[in-house]
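Reproduced below: model36.txt, with compact mmCIF, C-alpha atoms.
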# COMPACT_ATOMS: atom_id res chain seq x y z
CA MET R 1 103.24 110.13 128.52
CA PRO R 2 103.83 109.57 124.79
CA GLU R 3 101.02 108.15 122.72
CA LYS R 4 101.48 104.54 121.75
CA VAL R 5 101.27 103.32 118.14
CA LEU R 6 101.04 99.66 117.17
CA ILE R 7 102.51 99.06 113.71
CA VAL R 8 101.59 95.78 112.03
CA GLU R 9 103.72 95.17 108.95
CA ASP R 10 105.52 92.02 107.81
CA GLU R 11 108.02 93.71 105.49
CA PRO R 12 111.08 94.48 107.73
CA ASP R 13 112.36 97.58 105.88
CA THR R 14 108.94 99.21 105.78
CA LEU R 15 108.43 98.36 109.45
CA GLN R 16 111.81 99.91 110.31
CA LEU R 17 110.99 103.05 108.32
CA LEU R 18 107.64 103.44 110.07
CA LYS R 19 109.15 102.79 113.48
CA GLU R 20 111.96 105.35 113.01
CA SER R 21 109.63 107.98 111.55
CA LEU R 22 107.08 107.69 114.35
CA GLU R 23 109.68 107.54 117.12
CA SER R 24 111.31 110.69 115.77
CA GLU R 25 107.90 112.38 116.13
CA GLY R 26 107.81 111.39 119.81
CA TYR R 27 105.48 108.39 119.65
CA GLU R 28 106.08 105.19 121.56
CA VAL R 29 106.08 102.37 119.03
CA VAL R 30 105.26 98.67 119.41
CA THR R 31 105.38 96.34 116.44
CA ALA R 32 103.91 93.09 115.18
CA THR R 33 104.74 91.17 112.02
CA ASP R 34 101.74 88.86 111.61
CA GLY R 35 98.00 88.90 112.25
CA ILE R 36 98.00 86.81 115.41
CA GLU R 37 100.82 88.81 117.03
CA ALA R 38 98.92 91.97 116.05
CA GLU R 39 95.83 90.96 118.04
CA ASP R 40 97.93 89.83 120.96
CA LYS R 41 99.84 93.16 121.10
CA ALA R 42 96.63 95.14 120.59
CA HIS R 43 95.24 93.57 123.79
CA ARG R 44 98.44 93.54 125.87
CA GLU R 45 99.90 96.93 124.94
CA ASN R 46 96.70 99.02 124.77
CA PRO R 47 97.87 101.19 121.84
CA ASP R 48 96.24 104.55 121.13
CA ILE R 49 96.20 103.82 117.41
CA ILE R 50 97.00 100.89 115.08
CA ILE R 51 98.64 100.97 111.63
CA LEU R 52 97.61 97.76 109.95
CA ASP R 53 98.86 96.20 106.71
CA ILE R 54 96.43 93.98 104.77
CA PHE R 55 98.64 91.19 103.42
CA LEU R 56 99.91 89.58 106.62
CA PRO R 57 101.04 86.05 107.51
CA LYS R 58 98.77 83.86 109.67
CA ARG R 59 95.74 86.21 109.63
CA ASP R 60 95.09 89.01 107.13
CA GLY R 61 94.54 92.65 108.08
CA TYR R 62 90.79 92.62 107.36
CA GLU R 63 90.26 89.70 109.72
CA VAL R 64 92.43 91.34 112.41
CA CYS R 65 90.46 94.57 112.02
CA ARG R 66 87.12 92.78 112.28
CA ARG R 67 88.16 90.82 115.39
CA LEU R 68 89.52 93.93 117.13
CA ARG R 69 86.27 95.76 116.44
CA GLU R 70 84.27 92.90 117.95
CA ASP R 71 86.31 92.93 121.13
CA LYS R 72 85.20 95.36 123.86
CA SER R 73 88.77 96.17 124.94
CA SER R 74 89.93 97.23 121.46
CA PHE R 75 86.62 98.43 120.02
CA GLY R 76 87.38 102.17 119.99
CA VAL R 77 91.05 102.11 118.96
CA PRO R 78 91.44 103.86 115.60
CA ILE R 79 92.88 101.68 112.85
CA ILE R 80 94.60 103.02 109.72
CA MET R 81 94.90 100.38 107.03
CA LEU R 82 97.74 100.21 104.52
CA THR R 83 96.03 99.50 101.20
CA ALA R 84 96.82 99.53 97.51
CA LYS R 85 95.99 102.67 95.60
CA GLY R 86 93.19 102.46 93.05
CA ASP R 87 91.88 99.33 94.66
CA TYR R 88 88.47 100.62 95.72
CA GLY R 89 87.43 97.13 96.78
CA SER R 90 90.20 96.88 99.39
CA ARG R 91 89.39 100.29 100.83
CA LEU R 92 85.70 99.54 101.01
CA LYS R 93 86.39 96.17 102.60
CA GLY R 94 88.66 97.88 105.15
CA PHE R 95 85.99 100.43 106.08
CA LEU R 96 83.36 97.72 106.34
CA GLN R 97 85.58 95.82 108.77
CA GLY R 98 85.87 98.94 110.90
CA ALA R 99 89.00 100.80 109.75
CA PHE R 100 88.92 104.57 110.45
CA ASP R 101 91.17 105.56 107.58
CA TYR R 102 93.55 104.14 105.02
CA ILE R 103 96.85 105.08 103.45
CA THR R 104 97.97 103.77 100.09
CA LYS R 105 101.24 102.07 99.34
CA PRO R 106 103.68 103.45 98.35
CA PHE R 107 102.93 106.05 101.00
CA SER R 108 104.70 109.07 102.38
CA THR R 109 105.49 108.94 106.11
CA GLU R 110 104.58 112.63 106.30
CA ASP R 111 101.01 111.90 105.15
CA LEU R 112 100.74 108.99 107.54
CA ILE R 113 101.89 111.11 110.49
CA LYS R 114 99.29 113.77 109.60
CA LYS R 115 96.55 111.12 109.62
CA ILE R 116 97.74 109.73 112.96
CA ARG R 117 97.78 113.21 114.53
CA LYS R 118 94.31 113.93 113.19
CA LEU R 119 92.78 110.70 114.46
CA LEU R 120 94.43 110.99 117.86
CA SER R 121 93.26 114.58 118.29
CA ILE R 122 89.67 113.56 117.44
CA ARG R 123 89.89 110.73 119.95
CA LYS R 124 91.04 113.09 122.72
CA LYS R 125 88.01 115.38 122.25
CA MET N 1 64.66 68.39 66.18
CA GLY N 2 65.35 64.63 66.20
CA GLY N 3 66.56 62.75 69.29
CA GLU N 4 70.15 62.49 67.97
CA ASP N 5 70.29 66.22 67.15
CA SER N 6 68.98 67.08 70.59
CA THR N 7 71.67 64.93 72.30
CA ARG N 8 74.39 66.54 70.17
CA TYR N 9 73.04 69.99 70.97
CA LYS N 10 73.02 69.28 74.71
CA GLU N 11 76.56 67.90 74.55
CA ALA N 12 77.79 71.02 72.71
CA GLU N 13 76.04 73.23 75.27
CA ARG N 14 77.62 71.32 78.16
CA LYS N 15 81.10 71.66 76.61
CA LEU N 16 80.57 75.36 76.02
CA LYS N 17 79.50 75.93 79.63
CA GLN N 18 82.52 73.99 80.87
CA LYS N 19 84.85 76.05 78.66
CA PHE N 20 83.24 79.23 79.97
CA ARG N 21 83.77 78.10 83.58
CA GLU N 22 87.41 77.26 82.86
CA LEU N 23 88.02 80.66 81.27
CA LYS N 24 86.35 82.40 84.22
CA ILE N 25 88.57 80.56 86.69
CA ARG N 26 91.67 81.30 84.58
CA ASN N 27 90.75 85.01 84.54
CA GLN N 28 90.21 85.04 88.29
CA VAL N 29 93.59 83.40 88.88
CA ARG N 30 95.27 85.94 86.58
CA GLU N 31 93.57 88.83 88.39
CA GLU N 32 94.52 87.54 91.82
CA PHE N 33 98.10 87.04 90.67
CA LEU N 34 98.29 90.58 89.31
CA THR N 35 96.80 92.08 92.49
CA LEU N 36 99.33 90.23 94.61
CA ALA N 37 102.23 91.07 92.26
CA LEU N 38 101.31 94.78 92.35
CA HIS N 39 101.08 94.73 96.13
CA LYS N 40 104.48 93.05 96.37
CA LEU N 41 105.93 95.61 93.94
CA ARG N 42 104.51 98.53 95.91
CA SER N 43 105.91 97.50 99.28
CA PRO N 44 109.65 97.98 98.60
CA LEU N 45 109.04 101.31 96.87
CA THR N 46 108.05 103.08 100.10
CA PRO N 47 111.30 102.51 102.06
CA ILE N 48 113.47 103.21 98.98
CA LYS N 49 111.76 106.53 98.24
CA GLU N 50 111.49 107.63 101.85
CA TYR N 51 115.08 106.81 102.85
CA VAL N 52 116.49 108.47 99.72
CA SER N 53 114.41 111.57 100.53
CA LYS N 54 115.69 111.59 104.11
CA ILE N 55 119.32 111.52 102.90
CA LEU N 56 118.63 114.17 100.24
CA ASP N 57 116.93 116.43 102.80
CA GLY N 58 120.07 116.26 104.96
CA LYS N 59 118.24 114.55 107.82
CA VAL N 60 121.10 112.09 108.40
CA GLY N 61 124.05 114.41 107.76
CA ASP N 62 125.69 116.33 104.94
CA ILE N 63 126.17 114.88 101.44
CA ASN N 64 128.41 116.19 98.66
CA GLN N 65 127.19 117.46 95.28
CA GLN N 66 127.96 114.23 93.43
CA GLN N 67 126.14 112.10 96.02
CA LYS N 68 123.22 114.49 95.82
CA ARG N 69 123.10 114.23 92.01
CA TYR N 70 123.15 110.42 92.10
CA LEU N 71 120.47 110.24 94.77
CA GLU N 72 118.27 112.62 92.81
CA ILE N 73 118.51 110.19 89.89
CA VAL N 74 117.54 107.28 92.18
CA LYS N 75 114.59 109.28 93.51
CA ARG N 76 113.43 110.20 89.99
CA GLN N 77 113.63 106.59 88.83
CA VAL N 78 111.73 105.33 91.88
CA GLU N 79 109.03 107.90 91.18
CA ARG N 80 108.85 106.57 87.62
CA LEU N 81 108.46 103.04 88.94
CA ILE N 82 105.70 104.19 91.30
CA GLN N 83 103.91 105.83 88.38
CA LEU N 84 104.20 102.61 86.34
CA VAL N 85 102.83 100.50 89.18
CA GLU N 86 99.90 102.93 89.56
CA GLU N 87 99.14 102.79 85.85
CA LEU N 88 99.34 98.99 85.79
CA SER N 89 97.03 98.86 88.77
CA GLU N 90 94.48 101.18 87.16
CA LEU N 91 94.72 99.23 83.93
CA SER N 92 94.08 95.93 85.68
CA THR N 93 91.02 97.46 87.38
CA VAL N 94 89.64 98.64 84.05
CA LYS N 95 90.42 95.32 82.29
CA SER N 96 88.77 93.30 85.03
CA GLY N 97 85.57 95.32 84.72
CA ARG N 98 85.74 96.11 88.45
CA LEU N 99 85.30 99.82 87.80
CA GLY N 100 81.54 99.41 87.55
CA LEU N 101 81.23 101.91 84.70
CA LYS N 102 77.94 103.70 84.35
CA LYS N 103 76.30 104.15 80.95
CA GLU N 104 74.45 107.40 81.37
CA PRO N 105 73.65 110.17 78.90
CA ILE N 106 76.35 112.85 79.16
CA ALA N 107 76.76 116.24 77.50
CA LEU N 108 80.19 115.72 75.95
CA LEU N 109 81.18 119.37 75.48
CA ASP N 110 80.43 120.10 79.15
CA ILE N 111 82.93 117.47 80.32
CA ILE N 112 85.63 118.58 77.90
CA GLU N 113 85.07 122.22 78.89
CA LYS N 114 85.36 121.36 82.63
CA VAL N 115 88.61 119.47 82.03
CA VAL N 116 90.05 122.26 79.88
CA GLN N 117 89.14 124.85 82.54
CA SER N 118 90.83 122.80 85.26
CA LEU N 119 94.05 122.61 83.22
CA ARG N 120 94.08 126.10 81.71
CA LYS N 121 96.24 127.58 84.46
CA GLU N 122 98.83 124.80 84.08
CA ALA N 123 98.84 125.39 80.31
CA GLU N 124 99.24 129.15 80.71
CA ASP N 125 102.14 128.66 83.10
CA LYS N 126 103.84 126.58 80.41
CA GLY N 127 103.07 129.18 77.72
CA ILE N 128 100.69 126.87 75.84
CA SER N 129 97.21 127.82 74.67
CA LEU N 130 94.36 125.32 75.05
CA CYS N 131 91.49 125.40 72.59
CA VAL N 132 88.39 123.27 71.89
CA GLU N 133 86.87 123.28 68.40
CA SER N 134 83.28 122.26 68.91
CA PRO N 135 80.09 121.94 66.87
CA ASP N 136 77.07 124.19 67.48
CA SER N 137 74.98 121.35 68.82
CA GLN N 138 75.84 119.50 72.02
CA PRO N 139 76.62 115.78 71.33
CA ILE N 140 74.99 113.57 73.97
CA ILE N 141 76.96 110.41 74.51
CA ARG N 142 76.43 107.32 76.63
CA GLY N 143 79.18 106.62 79.13
CA ASP N 144 80.67 107.10 82.57
CA GLU N 145 81.38 110.75 83.29
CA LYS N 146 84.02 110.25 85.97
CA THR N 147 86.25 107.95 83.94
CA LEU N 148 85.79 109.98 80.75
CA ARG N 149 86.91 113.10 82.62
CA GLU N 150 89.96 111.10 83.71
CA VAL N 151 90.60 110.10 80.07
CA PHE N 152 90.49 113.70 78.80
CA THR N 153 92.56 114.97 81.71
CA ARG N 154 95.23 112.37 81.02
CA LEU N 155 95.27 113.12 77.29
CA ILE N 156 95.55 116.89 77.76
CA LYS N 157 98.27 116.45 80.40
CA ASN N 158 100.19 114.21 77.98
CA SER N 159 99.94 116.90 75.33
CA LEU N 160 101.03 119.60 77.79
CA ASN N 161 104.15 117.60 78.56
CA GLU N 162 105.00 117.13 74.90
CA THR N 163 104.09 120.53 73.48
CA PRO N 164 106.77 123.23 73.39
CA ALA N 165 106.01 126.66 74.86
CA GLY N 166 104.41 129.10 72.46
CA ARG N 167 102.33 126.47 70.70
CA GLY N 168 98.70 125.56 71.08
CA ILE N 169 96.77 122.40 71.81
CA ILE N 170 93.60 121.90 69.83
CA PHE N 171 90.90 119.43 70.77
CA SER N 172 88.32 118.97 67.98
CA VAL N 173 84.84 117.55 68.40
CA LYS N 174 83.23 116.85 65.04
CA GLY N 175 79.62 117.81 64.44
CA GLU N 176 78.88 115.13 61.85
CA PRO N 177 78.28 111.73 63.49
CA LYS N 178 80.27 108.74 62.32
CA ILE N 179 78.07 105.76 61.51
CA ILE N 180 79.52 102.30 62.02
CA GLY N 181 77.06 99.47 61.42
CA GLN N 182 73.88 100.32 63.33
CA ASN N 183 75.59 102.72 65.72
CA LYS N 184 76.32 106.43 65.68
CA PHE N 185 79.49 107.83 67.21
CA VAL N 186 80.87 111.27 67.89
CA GLU N 187 84.46 111.79 66.72
CA ILE N 188 86.97 113.55 68.95
CA LEU N 189 90.30 114.42 67.40
CA LEU N 190 93.00 114.63 70.01
CA PRO N 191 95.88 117.07 69.93
CA GLU N 192 98.71 115.91 67.72
CA ILE N 193 101.31 114.20 69.85
CA GLY N 194 104.94 114.31 68.85
CA GLY N 195 107.39 111.44 68.84
CA GLY N 196 106.04 109.52 65.85
CA LEU N 197 102.78 108.21 67.22
CA THR N 198 101.63 105.24 65.19
CA GLN N 199 98.72 102.80 65.15
CA GLU N 200 101.00 100.41 67.02
CA LYS N 201 101.43 102.85 69.89
CA ILE N 202 97.72 103.04 70.54
CA GLY N 203 97.45 99.28 70.35
CA ASN N 204 98.31 96.93 73.12
CA LYS N 205 101.80 96.19 71.85
CA GLU N 206 105.30 96.55 73.09
CA GLY N 207 106.37 100.18 73.18
CA ALA N 208 102.87 101.46 73.76
CA SER N 209 102.58 103.99 76.54
CA LEU N 210 100.66 102.51 79.46
CA GLY N 211 98.66 105.72 79.72
CA LEU N 212 97.44 105.34 76.16
CA VAL N 213 96.63 101.66 76.61
CA MET N 214 94.63 102.71 79.66
CA VAL N 215 92.73 105.35 77.65
CA ARG N 216 91.96 102.77 74.99
CA SER N 217 90.72 100.24 77.58
CA ILE N 218 88.42 102.78 79.26
CA VAL N 219 86.99 104.00 75.96
CA GLU N 220 86.42 100.44 74.69
CA ALA N 221 84.80 99.43 77.99
CA GLN N 222 82.20 102.15 77.29
CA GLY N 223 81.46 100.93 73.78
CA GLY N 224 83.79 103.42 72.09
CA LYS N 225 86.82 103.03 69.85
CA VAL N 226 90.28 104.55 69.61
CA ARG N 227 92.12 104.72 66.31
CA PHE N 228 94.92 106.56 64.61
CA GLU N 229 94.17 108.79 61.63
CA ASP N 230 97.01 108.87 59.12
CA GLU N 231 95.92 112.01 57.24
CA SER N 232 95.85 114.26 60.29
CA ASN N 233 98.47 112.34 62.28
CA ARG N 234 96.11 112.45 65.24
CA VAL N 235 94.44 109.96 67.55
CA VAL N 236 90.67 109.79 67.16
CA ILE N 237 88.30 108.71 69.90
CA LEU N 238 84.83 107.53 68.93
CA LEU N 239 82.18 107.59 71.66
CA PRO N 240 78.67 106.15 71.25
CA LEU N 241 75.97 108.76 70.75
CA VAL N 242 72.62 108.41 72.46
CA GLY N 243 69.81 107.48 70.08
Could you quickly redo this structure as structure tokens?
Amino acid sequence: MPEKVLIVEDEPDTLQLLKESLESEGYEVVTATDGIEAEDKAHRENPDIIILDIFLPKRDGYEVCRRLREDKSSFGVPIIMLTAKGDYGSRLKGFLQGAFDYITKPFSTEDLIKKIRKLLSIRKK
Amino acid sequence: MGGEDSTRYKEAERKLKQKFRELKIRNQVREEFLTLALHKLRSPLTPIKEYVSKILDGKVGDINQQQKRYLEIVKRQVERLIQLVEELSELSTVKSGRLGLKKEPIALLDIIEKVVQSLRKEAEDKGISLCVESPDSQPIIRGDEKTLREVFTRLIKNSLNETPAGRGIIFSVKGEPKIIGQNKFVEILLPEIGGGLTQEKIGNKEGASLGLVMVRSIVEAQGGKVRFEDESNRVVILLPLVG
């Protein structure tokens, strides 16, 4: 069964790019475009990993990350945050809220896929 | 102090504090705006760059030579935009003081030597020799090692891009300290950069390279100065000496 990735991104073109790139690598992809939908999908779809943008409508990525970490059902799901490069504060904040890793915008899908593979392989061990 | 003087003094103090609060809020608003603007600028760059790369790599079918040439131009220009956004972002971090710069004693020649060593291979590949003219004694400066290494790396890389093969790049550290007011500084003469570098270009004016504005901001944040020396046609960095 393919591994399931939840992508949370409100910018449609970036979301499309991520979806296509991950599907072409064989992942099953579910998407959300705001913070509340993200939490809902995280609980209903049981993804293996979550790619989470920070600037989101309704509830920002940090808050989503914190709430997912506090919930028993989503506690161990790795989260990769999409942050801004050079912004140490955002990265630190992301880690403090429980993110496993981050990738900086503008990012390369190749780097993101490497990070996903790495985190999923660690999780399987 | 009489009663009237004391009231006037308190009133002036109150106004000053209010002004300070207003300026602080204005700065915060400006910073938040810039952070948001940079984030919004970054987002569209990812799909543009990635989709252009996919087409160029032939992942969605064949393209002819002319299409390839045009897309390579688009890709190059997007990469330039990305670079600009990165530089603006770094600059805003430095300007806001969020870098949390340390002010520790540092052996200046050791940092310059490390940077030169890390870039020597790149210089050799381009047929350029890298050389540091240094005094016998080691100048000990006060600053943040990490960001200063970044400054020197950026400056040498700039020079490598602008120096033709077969020529050399000389970095000079002067032995004699420069005294300005009560403070002593060490002078570092940067490699001569082509393209008519002027005082204006190292200032914060239109036409200035963002990289150079960034260098100036980092140096000034550490109590140093950056100026242009007419006689040698070189940029001079002054860093505060310990003691």
Restricting the calculation to all atoms listed in the file, which member of N:Thr153, N:Gln182, N:Ser172, N:Ser118 is positioned closest to Val236 in chain N?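 Of N:Thr153, N:Gln182, N:Ser172, N:Ser118, the one nearest Val236 in chain N, counting all atoms listed in the file, is N:Ser172.
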Distance limit 12 Å, atoms considered: all atoms listed in the file. Which chain N residues sit that close to chain R? Return them as a PyMOL selection string. chain N and resi 35-54+59+78-79+81-83+85-94+96+98-100
What residues have an atom no more than 12 Å from (95.8, 113.7, 113.9) in the file's own frame, counting only C-alpha atoms, and can you write them as a list of chain:residue names?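 Output: R:Glu3, R:Asp48, R:Ile49, R:Pro78, R:Ile80, R:Phe100, R:Asp101, R:Glu110, R:Asp111, R:Leu112, R:Ile113, R:Lys114, R:Lys115, R:Ile116, R:Arg117, R:Lys118, R:Leu119, R:Leu120, R:Ser121, R:Ile122, R:Arg123, R:Lys124, R:Lys125.
Proximity to Val215 in chain N was assessed for N:Phe171, N:Phe185, N:Phe228, N:Phe152 counting all atoms listed in the file; the smallest distance is recorded for N:Phe152.
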Separation of CA of Val60 in chain N from CA of Glu20 in chain R, in Å and rounded to one decimal: 12.3 Å
Contacts of Val115 in chain N at 12 Å or less, counting all atoms listed in the file, minus same-chain residues fewer than 2 places along, as a PyMOL selection string? chain N and resi 108-113+117-123+130-132+145-157+171
Computed interatomic separation between CA of Gly3 in chain N and CA of Gln18 in chain N (Å):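 Between CA of Gly3 in chain N and CA of Gln18 in chain N the gap is 22.7 Å.
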